[in-house]
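S.K.: Input structure: final-v6.pdb, which contains PDB, C-alpha atoms.
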```
ATOM      1  CA  MET A   1      15.664 -63.402 -60.010  1.00  0.00           C
ATOM      2  CA  SER A   2      14.488 -66.569 -61.684  1.00  0.00           C
ATOM      3  CA  ALA A   3      11.212 -66.838 -63.553  1.00  0.00           C
ATOM      4  CA  LEU A   4       9.837 -69.140 -60.855  1.00  0.00           C
ATOM      5  CA  ALA A   5      10.725 -66.637 -58.117  1.00  0.00           C
ATOM      6  CA  ARG A   6       9.036 -63.834 -60.062  1.00  0.00           C
ATOM      7  CA  VAL A   7       5.880 -65.886 -60.549  1.00  0.00           C
ATOM      8  CA  ALA A   8       5.858 -66.780 -56.831  1.00  0.00           C
ATOM      9  CA  SER A   9       6.308 -63.145 -55.737  1.00  0.00           C
ATOM     10  CA  VAL A  10       3.537 -61.979 -58.109  1.00  0.00           C
ATOM     11  CA  ALA A  11       1.261 -64.707 -56.695  1.00  0.00           C
ATOM     12  CA  VAL A  12       1.995 -63.575 -53.126  1.00  0.00           C
ATOM     13  CA  VAL A  13       1.268 -59.931 -53.980  1.00  0.00           C
ATOM     14  CA  ALA A  14      -1.935 -60.900 -55.827  1.00  0.00           C
ATOM     15  CA  ALA A  15      -3.095 -63.001 -52.866  1.00  0.00           C
ATOM     16  CA  ALA A  16      -2.399 -60.135 -50.440  1.00  0.00           C
ATOM     17  CA  CYS A  17      -4.374 -57.719 -52.651  1.00  0.00           C
ATOM     18  CA  ALA A  18      -7.282 -60.166 -52.891  1.00  0.00           C
ATOM     19  CA  ILE A  19      -7.359 -60.560 -49.103  1.00  0.00           C
ATOM     20  CA  ALA A  20      -7.257 -56.781 -48.631  1.00  0.00           C
ATOM     21  CA  LEU A  21     -10.088 -56.241 -51.137  1.00  0.00           C
ATOM     22  CA  LEU A  22     -12.179 -58.960 -49.524  1.00  0.00           C
ATOM     23  CA  ALA A  23     -11.651 -57.445 -46.073  1.00  0.00           C
ATOM     24  CA  CYS A  24     -12.553 -53.968 -47.300  1.00  0.00           C
ATOM     25  CA  GLY A  25     -15.559 -55.269 -49.190  1.00  0.00           C
ATOM     26  CA  THR A  26     -17.030 -56.897 -46.084  1.00  0.00           C
ATOM     27  CA  ARG A  27     -16.969 -53.750 -43.935  1.00  0.00           C
ATOM     28  CA  ALA A  28     -20.315 -52.105 -43.338  1.00  0.00           C
ATOM     29  CA  ALA A  29     -20.855 -48.991 -45.364  1.00  0.00           C
ATOM     30  CA  ILE A  30     -21.339 -45.740 -43.500  1.00  0.00           C
ATOM     31  CA  GLY A  31     -24.892 -44.473 -43.508  1.00  0.00           C
ATOM     32  CA  ASP A  32     -28.358 -45.257 -42.214  1.00  0.00           C
ATOM     33  CA  GLN A  33     -28.915 -48.115 -44.667  1.00  0.00           C
ATOM     34  CA  ALA A  34     -25.902 -50.050 -43.319  1.00  0.00           C
ATOM     35  CA  CYS A  35     -27.263 -50.078 -39.780  1.00  0.00           C
ATOM     36  CA  GLY A  36     -30.214 -52.333 -40.543  1.00  0.00           C
ATOM     37  CA  SER A  37     -32.530 -52.575 -37.555  1.00  0.00           C
ATOM     38  CA  SER A  38     -30.578 -50.116 -35.406  1.00  0.00           C
ATOM     39  CA  PRO A  39     -32.654 -47.172 -34.161  1.00  0.00           C
ATOM     40  CA  PRO A  40     -32.236 -44.047 -36.316  1.00  0.00           C
ATOM     41  CA  MET A  41     -29.885 -41.291 -35.217  1.00  0.00           C
ATOM     42  CA  PRO A  42     -31.575 -38.508 -33.258  1.00  0.00           C
ATOM     43  CA  SER A  43     -32.358 -35.478 -35.420  1.00  0.00           C
ATOM     44  CA  ALA A  44     -31.045 -33.077 -32.753  1.00  0.00           C
ATOM     45  CA  THR A  45     -29.067 -33.231 -29.514  1.00  0.00           C
ATOM     46  CA  THR A  46     -31.259 -35.210 -27.126  1.00  0.00           C
ATOM     47  CA  VAL A  47     -31.050 -35.041 -23.326  1.00  0.00           C
ATOM     48  CA  LEU A  48     -32.347 -38.257 -21.745  1.00  0.00           C
ATOM     49  CA  CYS A  49     -33.223 -36.778 -18.351  1.00  0.00           C
ATOM     50  CA  ASP A  50     -34.824 -33.739 -16.822  1.00  0.00           C
ATOM     51  CA  ALA A  51     -32.726 -30.822 -15.622  1.00  0.00           C
ATOM     52  CA  GLY A  52     -32.458 -30.462 -11.874  1.00  0.00           C
ATOM     53  CA  ALA A  53     -33.648 -27.582  -9.758  1.00  0.00           C
ATOM     54  CA  PRO A  54     -31.496 -24.423  -9.782  1.00  0.00           C
ATOM     55  CA  GLY A  55     -28.507 -24.894  -7.491  1.00  0.00           C
ATOM     56  CA  SER A  56     -28.747 -28.696  -7.487  1.00  0.00           C
ATOM     57  CA  SER A  57     -25.675 -30.915  -7.797  1.00  0.00           C
ATOM     58  CA  GLY A  58     -24.817 -32.245 -11.238  1.00  0.00           C
ATOM     59  CA  CYS A  59     -23.295 -31.343 -14.573  1.00  0.00           C
ATOM     60  CA  VAL A  60     -23.826 -27.703 -15.546  1.00  0.00           C
ATOM     61  CA  GLY A  61     -24.726 -27.168 -19.193  1.00  0.00           C
ATOM     62  CA  LEU A  62     -24.410 -29.784 -21.908  1.00  0.00           C
ATOM     63  CA  PRO A  63     -21.054 -31.209 -22.994  1.00  0.00           C
ATOM     64  CA  PRO A  64     -19.416 -30.054 -26.210  1.00  0.00           C
ATOM     65  CA  ASP A  65     -19.936 -32.383 -29.150  1.00  0.00           C
ATOM     66  CA  PRO A  66     -16.740 -34.499 -29.441  1.00  0.00           C
ATOM     67  CA  TRP A  67     -16.994 -34.712 -33.263  1.00  0.00           C
ATOM     68  CA  ALA A  68     -18.137 -31.158 -34.037  1.00  0.00           C
ATOM     69  CA  PRO A  69     -15.541 -28.836 -32.485  1.00  0.00           C
ATOM     70  CA  ASP A  70     -17.313 -25.746 -33.827  1.00  0.00           C
ATOM     71  CA  ALA A  71     -20.602 -26.612 -32.114  1.00  0.00           C
ATOM     72  CA  HIS A  72     -21.353 -24.602 -28.999  1.00  0.00           C
ATOM     73  CA  SER A  73     -22.562 -26.093 -25.764  1.00  0.00           C
ATOM     74  CA  SER A  74     -26.120 -25.193 -24.910  1.00  0.00           C
ATOM     75  CA  HIS A  75     -28.389 -25.136 -21.878  1.00  0.00           C
ATOM     76  CA  LEU A  76     -25.620 -23.394 -19.927  1.00  0.00           C
ATOM     77  CA  ASP A  77     -28.071 -22.430 -17.186  1.00  0.00           C
ATOM     78  CA  GLN A  78     -29.333 -25.994 -16.662  1.00  0.00           C
ATOM     79  CA  THR A  79     -27.892 -28.573 -14.237  1.00  0.00           C
ATOM     80  CA  TYR A  80     -28.263 -32.249 -15.113  1.00  0.00           C
ATOM     81  CA  PRO A  81     -28.097 -35.011 -12.484  1.00  0.00           C
ATOM     82  CA  GLN A  82     -25.437 -37.687 -12.403  1.00  0.00           C
ATOM     83  CA  GLY A  83     -26.544 -40.587 -14.566  1.00  0.00           C
ATOM     84  CA  CYS A  84     -27.999 -38.296 -17.228  1.00  0.00           C
ATOM     85  CA  THR A  85     -27.111 -39.152 -20.844  1.00  0.00           C
ATOM     86  CA  VAL A  86     -26.971 -36.911 -23.924  1.00  0.00           C
ATOM     87  CA  GLU A  87     -27.153 -38.240 -27.490  1.00  0.00           C
ATOM     88  CA  PHE A  88     -25.765 -36.227 -30.400  1.00  0.00           C
ATOM     89  CA  PRO A  89     -27.392 -36.263 -33.863  1.00  0.00           C
ATOM     90  CA  HIS A  90     -24.663 -38.272 -35.553  1.00  0.00           C
ATOM     91  CA  ALA A  91     -22.816 -41.538 -35.146  1.00  0.00           C
ATOM     92  CA  ASN A  92     -19.646 -42.071 -33.206  1.00  0.00           C
ATOM     93  CA  PRO A  93     -17.169 -42.919 -36.001  1.00  0.00           C
ATOM     94  CA  TYR A  94     -15.971 -45.932 -34.003  1.00  0.00           C
ATOM     95  CA  TYR A  95     -19.523 -47.277 -33.508  1.00  0.00           C
ATOM     96  CA  GLN A  96     -21.223 -46.193 -36.709  1.00  0.00           C
ATOM     97  CA  CYS A  97     -24.721 -47.449 -35.916  1.00  0.00           C
ATOM     98  CA  SER A  98     -24.951 -45.787 -32.510  1.00  0.00           C
ATOM     99  CA  PRO A  99     -25.236 -42.093 -31.717  1.00  0.00           C
ATOM    100  CA  GLN A 100     -22.365 -40.423 -29.894  1.00  0.00           C
ATOM    101  CA  THR A 101     -23.345 -40.239 -26.235  1.00  0.00           C
ATOM    102  CA  CYS A 102     -22.019 -38.448 -23.175  1.00  0.00           C
ATOM    103  CA  SER A 103     -22.943 -39.164 -19.540  1.00  0.00           C
ATOM    104  CA  CYS A 104     -22.860 -37.075 -16.384  1.00  0.00           C
ATOM    105  CA  GLY A 105     -20.921 -38.813 -13.657  1.00  0.00           C
ATOM    106  CA  PRO A 106     -18.288 -38.360 -10.975  1.00  0.00           C
ATOM    107  CA  LEU A 107     -14.874 -37.156 -12.186  1.00  0.00           C
ATOM    108  CA  PRO A 108     -11.867 -37.591  -9.897  1.00  0.00           C
ATOM    109  CA  LEU A 109     -10.169 -34.566  -8.341  1.00  0.00           C
ATOM    110  CA  ALA A 110      -6.493 -34.282  -7.400  1.00  0.00           C
ATOM    111  CA  ASP A 111      -7.382 -34.261  -3.688  1.00  0.00           C
ATOM    112  CA  GLY A 112      -9.085 -37.670  -3.970  1.00  0.00           C
ATOM    113  CA  GLY A 113     -12.638 -36.328  -4.125  1.00  0.00           C
ATOM    114  CA  THR A 114     -14.962 -36.205  -7.098  1.00  0.00           C
ATOM    115  CA  THR A 115     -16.986 -33.611  -8.951  1.00  0.00           C
ATOM    116  CA  PRO A 116     -19.811 -34.105 -11.464  1.00  0.00           C
ATOM    117  CA  GLY A 117     -18.697 -33.865 -15.078  1.00  0.00           C
ATOM    118  CA  TRP A 118     -19.462 -35.102 -18.573  1.00  0.00           C
ATOM    119  CA  THR A 119     -17.642 -38.083 -20.086  1.00  0.00           C
ATOM    120  CA  CYS A 120     -17.961 -38.981 -23.744  1.00  0.00           C
ATOM    121  CA  PRO A 121     -16.588 -42.460 -24.473  1.00  0.00           C
ATOM    122  CA  LEU A 122     -14.940 -42.766 -27.823  1.00  0.00           C
TER     123      LEU A 122
END
```
Any chance you could put this one into structure tokens?
M.R.:
Amino acid sequence: MSALARVASVAVVAAACAIALLACGTRAAIGDQACGSSPPMPSATTVLCDAGAPGSSGCVGLPPDPWAPDAHSSHLDQTYPQGCTVEFPHANPYYQCSPQTCSCGPLPLADGGTTPGWTCPL
């Protein structure tokens, strides 16, 4: 390899490293300070609706936390109406300035019908 080819390849590698460092340096840091004016994360699991009457239609209990597999679902005796939202006390890793949320809504059944269930968009 000639000296000119070596210099050119070193320049290409250096440029690629500089671009990678610049891209990494412009990403928002994880943490409350990086979120600026975003609302703070809830300090505990927050249900944004009232539970329905016993025997009413809806999602039974709260969903499991998608990012804390060891956490146990709570409020097992409560039924929450479709449209209800739950916020967990930490950020969704894909949307770092927003709490992880789950919503009660219709889930499709194999027979073409639906049943209420929790969905937690990632």
S.K.: Taking into account all atoms listed in the file, which residue in the set A:Pro121, A:Gly61, A:Pro116, A:Pro54 is nearest to Pro99 of chain A?
M.R.: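 Going through A:Pro121, A:Gly61, A:Pro116, A:Pro54 one by one, the smallest distance to Pro99 of chain A is for A:Pro121.
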S.K.: Just the residues within 7 Å of Gln82 of chain A, please, counting all atoms listed in the file, with nothing from its chain fewer than 6 positions along; format it as a VMD selection string.
M.R.: chain A and resid 58 104 to 105 116
S.K.: Have a look at A:Cys102, A:Leu109, A:Cys35, A:Cys97 and name the one nearest to Pro63 of chain A; count all atoms listed in the file.
M.R.: A:Cys102
S.K.: Report as a short mmCIF file (atom, residue, chain, number, x, y, z; two decimals) with C-alpha atoms, in the coordinates of the input all protein, DNA and RNA residues lying within 9 Å of Ser103 of chain A, evaluated on all atoms listed in the file, omitting residues in the same chain fewer than 5 positions from it.
M.R.:
```cif
data_model
loop_
_atom_site.label_atom_id
_atom_site.label_comp_id
_atom_site.auth_asym_id
_atom_site.auth_seq_id
_atom_site.Cartn_x
_atom_site.Cartn_y
_atom_site.Cartn_z
CA PRO A 63 -21.05 -31.21 -22.99
CA GLN A 82 -25.44 -37.69 -12.40
CA GLY A 83 -26.54 -40.59 -14.57
CA CYS A 84 -28.00 -38.30 -17.23
CA THR A 85 -27.11 -39.15 -20.84
CA VAL A 86 -26.97 -36.91 -23.92
CA GLY A 117 -18.70 -33.86 -15.08
CA TRP A 118 -19.46 -35.10 -18.57
CA THR A 119 -17.64 -38.08 -20.09
CA CYS A 120 -17.96 -38.98 -23.74
CA PRO A 121 -16.59 -42.46 -24.47
#
```
S.K.: Mind pulling up the distance from atom CA of Leu76 of chain A to atom CA of Pro39 of chain A?
M.R.: 28.6 Å
S.K.: Pick from A:Asp77, A:Glu87, A:Gly55, A:Ser98: nearest to Ser38 of chain A, with only C-alpha atoms counted?
M.R.: A:Ser98
S.K.: Could you state which residues are captured by the PyMOL selection byres ((chain A and resi 89) around 10) in this file, as a list in words?
M.R.: Pro40, Met41, Pro42, Ser43, Ala44, Thr45, Thr46, Asp65, Val86, Glu87, Phe88, His90, Ala91, Asn92, Ser98, Pro99, Gln100 and Thr101 of chain A
S.K.: Please, what is the axis-aligned box for every listed atom of segment 49-55 of chain A with 5 Å on each side, as centre and edge lengths in Å to one decimal, as JSON?
M.R.:
```
{"center_x": -31.7, "center_y": -30.6, "center_z": -12.9, "size_x": 16.3, "size_y": 22.4, "size_z": 20.9}
```
S.K.: Atom CA of Ala53 of chain A and atom CA of Pro108 of chain A, how far apart in Å?
M.R.: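 Value for the atom CA of Pro108 of chain A-atom CA of Ala53 of chain A distance: 24.0 Å.
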S.K.: Find the distance between atom CA of Thr115 of chain A and atom CA of Cys49 of chain A and write it in Å to one decimal.
M.R.: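 For atom CA of Thr115 of chain A relative to atom CA of Cys49 of chain A, the distance reads 19.0 Å.
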S.K.: Quick one: apply the PyMOL selection byres ((chain A and resi 60) around 6) to the file and drop the selected residues here as number ranges by chain.
M.R.: A: 59, 61, 78-79
